[in-house]
file structure16.pdb (PDB, C-alpha atoms)
ATOM      1  CA  MET X   1     255.516  58.416 -29.060
ATOM      2  CA  PHE X   2     254.098  56.363 -31.957
ATOM      3  CA  PHE X   3     250.929  58.455 -32.358
ATOM      4  CA  ARG X   4     252.960  61.587 -33.032
ATOM      5  CA  HIS X   5     253.642  60.350 -36.570
ATOM      6  CA  LEU X   6     250.454  58.422 -37.258
ATOM      7  CA  VAL X   7     248.055  59.368 -40.005
ATOM      8  CA  ILE X   8     244.733  57.596 -40.299
ATOM      9  CA  GLY X   9     242.822  57.366 -43.544
ATOM     10  CA  LEU X  10     239.413  55.978 -44.411
ATOM     11  CA  PHE X  11     239.034  54.609 -47.910
ATOM     12  CA  ALA X  12     235.520  53.364 -48.686
ATOM     13  CA  VAL X  13     235.442  50.157 -46.635
ATOM     14  CA  ALA X  14     238.718  49.887 -44.735
ATOM     15  CA  ALA X  15     241.027  51.771 -42.429
ATOM     16  CA  PHE X  16     244.669  52.329 -43.208
ATOM     17  CA  ALA X  17     247.472  53.816 -41.141
ATOM     18  CA  ALA X  18     250.781  55.308 -42.175
ATOM     19  CA  ASN X  19     253.805  56.437 -40.285
ATOM     20  CA  ILE X  20     254.679  59.766 -41.908
ATOM     21  CA  GLN X  21     258.387  58.986 -41.660
ATOM     22  CA  LEU X  22     257.925  55.742 -43.613
ATOM     23  CA  SER X  23     255.605  57.255 -46.249
ATOM     24  CA  SER X  24     253.762  53.976 -46.741
ATOM     25  CA  TRP X  25     250.234  52.782 -45.941
ATOM     26  CA  LYS X  26     249.430  49.521 -44.179
ATOM     27  CA  HIS X  27     245.994  47.929 -44.147
ATOM     28  CA  LYS X  28     244.733  47.895 -40.543
ATOM     29  CA  SER X  29     241.117  46.726 -40.564
ATOM     30  CA  GLU X  30     238.535  44.686 -42.409
ATOM     31  CA  LYS X  31     235.826  46.614 -40.584
ATOM     32  CA  LYS X  32     233.759  49.137 -42.503
ATOM     33  CA  LEU X  33     234.888  52.127 -40.453
ATOM     34  CA  THR X  34     233.312  55.520 -41.027
ATOM     35  CA  LYS X  35     235.036  57.632 -38.349
ATOM     36  CA  VAL X  36     238.324  57.446 -36.498
ATOM     37  CA  ALA X  37     239.598  59.530 -33.586
ATOM     38  CA  ILE X  38     242.955  59.375 -31.857
ATOM     39  CA  GLY X  39     244.330  60.962 -28.720
ATOM     40  CA  LYS X  40     246.012  60.183 -25.401
ATOM     41  CA  LEU X  41     243.258  57.647 -24.700
ATOM     42  CA  GLY X  42     244.070  55.678 -27.837
ATOM     43  CA  LEU X  43     242.538  55.000 -31.230
ATOM     44  CA  TRP X  44     238.726  54.871 -31.384
ATOM     45  CA  ALA X  45     236.503  54.222 -34.398
ATOM     46  CA  LEU X  46     232.887  53.964 -35.503
ATOM     47  CA  ASP X  47     231.622  51.572 -38.134
ATOM     48  CA  ASP X  48     228.830  51.912 -40.692
ATOM     49  CA  GLN X  49     226.333  50.575 -38.114
ATOM     50  CA  ASP X  50     227.330  53.206 -35.480
ATOM     51  CA  LYS X  51     229.128  50.623 -33.334
ATOM     52  CA  ILE X  52     231.999  51.890 -31.179
ATOM     53  CA  PHE X  53     235.448  50.274 -31.325
ATOM     54  CA  TYR X  54     238.764  50.746 -29.532
ATOM     55  CA  ARG X  55     242.085  49.546 -30.971
ATOM     56  CA  LYS X  56     243.772  47.251 -28.448
ATOM     57  CA  ASP X  57     246.631  44.766 -28.856
ATOM     58  CA  GLY X  58     246.441  44.929 -32.662
ATOM     59  CA  GLY X  59     242.697  44.238 -32.792
ATOM     60  CA  TRP X  60     239.400  46.062 -32.368
ATOM     61  CA  GLN X  61     237.440  45.759 -29.115
ATOM     62  CA  GLN X  62     233.759  46.728 -29.360
ATOM     63  CA  TYR X  63     232.279  49.007 -26.700
ATOM     64  CA  PRO X  64     228.585  49.326 -25.831
ATOM     65  CA  GLY X  65     226.533  52.092 -27.385
ATOM     66  CA  GLY X  66     226.123  53.642 -30.786
ATOM     67  CA  LEU X  67     227.547  56.911 -32.122
ATOM     68  CA  THR X  68     227.635  58.762 -35.428
ATOM     69  CA  ASP X  69     230.564  61.003 -34.422
ATOM     70  CA  ILE X  70     233.398  60.592 -31.915
ATOM     71  CA  SER X  71     236.318  62.704 -30.678
ATOM     72  CA  VAL X  72     239.173  61.894 -28.290
ATOM     73  CA  GLY X  73     240.619  64.608 -26.079
ATOM     74  CA  GLY X  74     243.419  64.590 -23.550
ATOM     75  CA  ASN X  75     241.423  62.816 -20.846
ATOM     76  CA  GLU X  76     237.920  62.549 -22.288
ATOM     77  CA  ILE X  77     236.051  60.893 -25.132
ATOM     78  CA  TRP X  78     232.940  62.574 -26.511
ATOM     79  CA  GLY X  79     230.386  61.406 -29.047
ATOM     80  CA  VAL X  80     227.068  62.146 -30.716
ATOM     81  CA  ASN X  81     224.404  59.603 -31.698
ATOM     82  CA  LYS X  82     221.712  59.478 -34.436
ATOM     83  CA  ALA X  83     219.278  61.368 -32.194
ATOM     84  CA  ASP X  84     221.874  64.211 -31.867
ATOM     85  CA  GLN X  85     222.330  63.340 -28.188
ATOM     86  CA  ILE X  86     225.725  64.184 -26.679
ATOM     87  CA  TRP X  87     227.637  61.514 -24.762
ATOM     88  CA  LYS X  88     230.825  61.619 -22.696
ATOM     89  CA  ARG X  89     232.814  58.546 -21.666
ATOM     90  CA  THR X  90     233.621  58.633 -17.977
ATOM     91  CA  SER X  91     236.695  57.323 -16.190
ATOM     92  CA  ASN X  92     234.807  54.145 -15.225
ATOM     93  CA  SER X  93     234.155  53.387 -18.919
ATOM     94  CA  ASN X  94     230.471  54.334 -18.869
ATOM     95  CA  TRP X  95     228.818  56.722 -21.313
ATOM     96  CA  VAL X  96     226.974  59.629 -19.641
ATOM     97  CA  ARG X  97     224.415  61.746 -21.501
ATOM     98  CA  ILE X  98     225.157  65.478 -21.586
ATOM     99  CA  SER X  99     222.286  67.935 -22.081
ATOM    100  CA  GLY X 100     221.879  69.543 -25.485
ATOM    101  CA  GLY X 101     222.044  68.284 -29.026
ATOM    102  CA  LEU X 102     224.767  68.225 -31.695
ATOM    103  CA  LYS X 103     225.411  66.658 -35.086
ATOM    104  CA  GLN X 104     229.226  66.791 -34.835
ATOM    105  CA  ILE X 105     231.585  67.098 -31.891
ATOM    106  CA  SER X 106     235.269  67.806 -31.372
ATOM    107  CA  VAL X 107     237.367  67.851 -28.193
ATOM    108  CA  SER X 108     240.864  69.285 -27.836
ATOM    109  CA  GLU X 109     243.858  67.803 -26.052
ATOM    110  CA  ARG X 110     242.935  70.112 -23.143
ATOM    111  CA  ASP X 111     239.388  68.687 -23.184
ATOM    112  CA  HIS X 112     237.707  71.800 -24.565
ATOM    113  CA  VAL X 113     234.601  70.693 -26.461
ATOM    114  CA  TRP X 114     233.110  72.217 -29.630
ATOM    115  CA  GLY X 115     230.136  71.108 -31.644
ATOM    116  CA  VAL X 116     227.930  71.777 -34.654
ATOM    117  CA  ASN X 117     224.169  71.552 -34.281
ATOM    118  CA  SER X 118     223.013  71.941 -37.871
TER
END
call {"tool": "encode", "arguments": {"input": "structure16.pdb", "output": "structure tokens"}}
result
Amino acid sequence: MFFRHLVIGLFAVAAFAANIQLSSWKHKSEKKLTKVAIGKLGLWALDDQDKIFYRKDGGWQQYPGGLTDISVGGNEIWGVNKADQIWKRTSNSNWVRISGGLKQISVSERDHVWGVNS
């Protein structure tokens, strides 16, 4: 699988990707990305205006909503917004609010969720 050897890096205003086996970086985006997350559900990113993007067919597709942190698990995508609200992307592509508040969130390949609230 391609993602097994993919490394994503954020350098100031652009996203780069490298295949570890090739040991070279290729410029992948003109967007000002601040966060990237990758998992079985693909490559997701946030820009400097908290917009949500998904990498599809070599380009970025914008999704509704705004997040400051995002994490991709095995079957779920989780995020946190500026108000520290927790959001989970459902199978029908909608974002559902989850009770509680976090500043950062992380989800494992088995969809176990962890977060930081301070």
call {"tool": "closest_residue", "arguments": {"input": "structure16.pdb", "among": "X:Gly65, X:Gly59, X:Gly115, X:Gly42", "to": "Lys82 (chain X)", "atoms": "only C-alpha atoms"}}
result
X:Gly65
call {"tool": "resolve_selection", "arguments": {"input": "structure16.pdb", "expression": "the PyMOL selection byres ((chain X and resi 97) around 8)", "output": "count of residues only"}}
result
8
call {"tool": "resolve_selection", "arguments": {"input": "structure16.pdb", "expression": "the PyMOL selection byres ((chain X and resi 107) around 9)", "output": "number ranges by chain"}}
result
X: 71-74, 76-78, 105-106, 108-115
call {"tool": "resolve_selection", "arguments": {"input": "structure16.pdb", "expression": "the PyMOL selection byres ((chain X and resi 54) around 7)", "output": "PyMOL selection string"}}
result
chain X and resi 43-45+53+55-56+60-62
call {"tool": "axis_aligned_box", "arguments": {"input": "structure16.pdb", "around": "region 70-73 of chain X", "padding_each_side": "6 Å", "output": "JSON"}}
result
{"center_x": 237.0, "center_y": 62.6, "center_z": -29.0, "size_x": 19.2, "size_y": 16.0, "size_z": 17.8}
call {"tool": "residues_around", "arguments": {"input": "structure16.pdb", "residues": "Asn117 (chain X)", "least_positions_apart": "3", "cutoff": "9 Å", "atoms": "all atoms listed in the file", "output": "number ranges by chain"}}
result
X: 84, 101-105
call {"tool": "closest_residue", "arguments": {"input": "structure16.pdb", "among": "X:Asn81, X:Lys51, X:Ser118, X:Asn75", "to": "Lys32 (chain X)", "atoms": "only C-alpha atoms"}}
result
X:Lys51
call {"tool": "atom_distance", "arguments": {"input": "structure16.pdb", "atom1": "CA of Asp69 (chain X)", "atom2": "CA of Arg89 (chain X)"}}
result
13.2 Å
call {"tool": "atom_distance", "arguments": {"input": "structure16.pdb", "atom1": "CA of Leu46 (chain X)", "atom2": "CA of Gly100 (chain X)"}}
result
21.5 Å
call {"tool": "closest_residue", "arguments": {"input": "structure16.pdb", "among": "X:Thr68, X:Ser91, X:Gly79, X:Gly58", "to": "Thr34 (chain X)", "atoms": "all atoms listed in the file"}}
result
X:Thr68
call {"tool": "atom_distance", "arguments": {"input": "structure16.pdb", "atom1": "CA of Lys35 (chain X)", "atom2": "CA of Val80 (chain X)"}}
result
11.9 Å
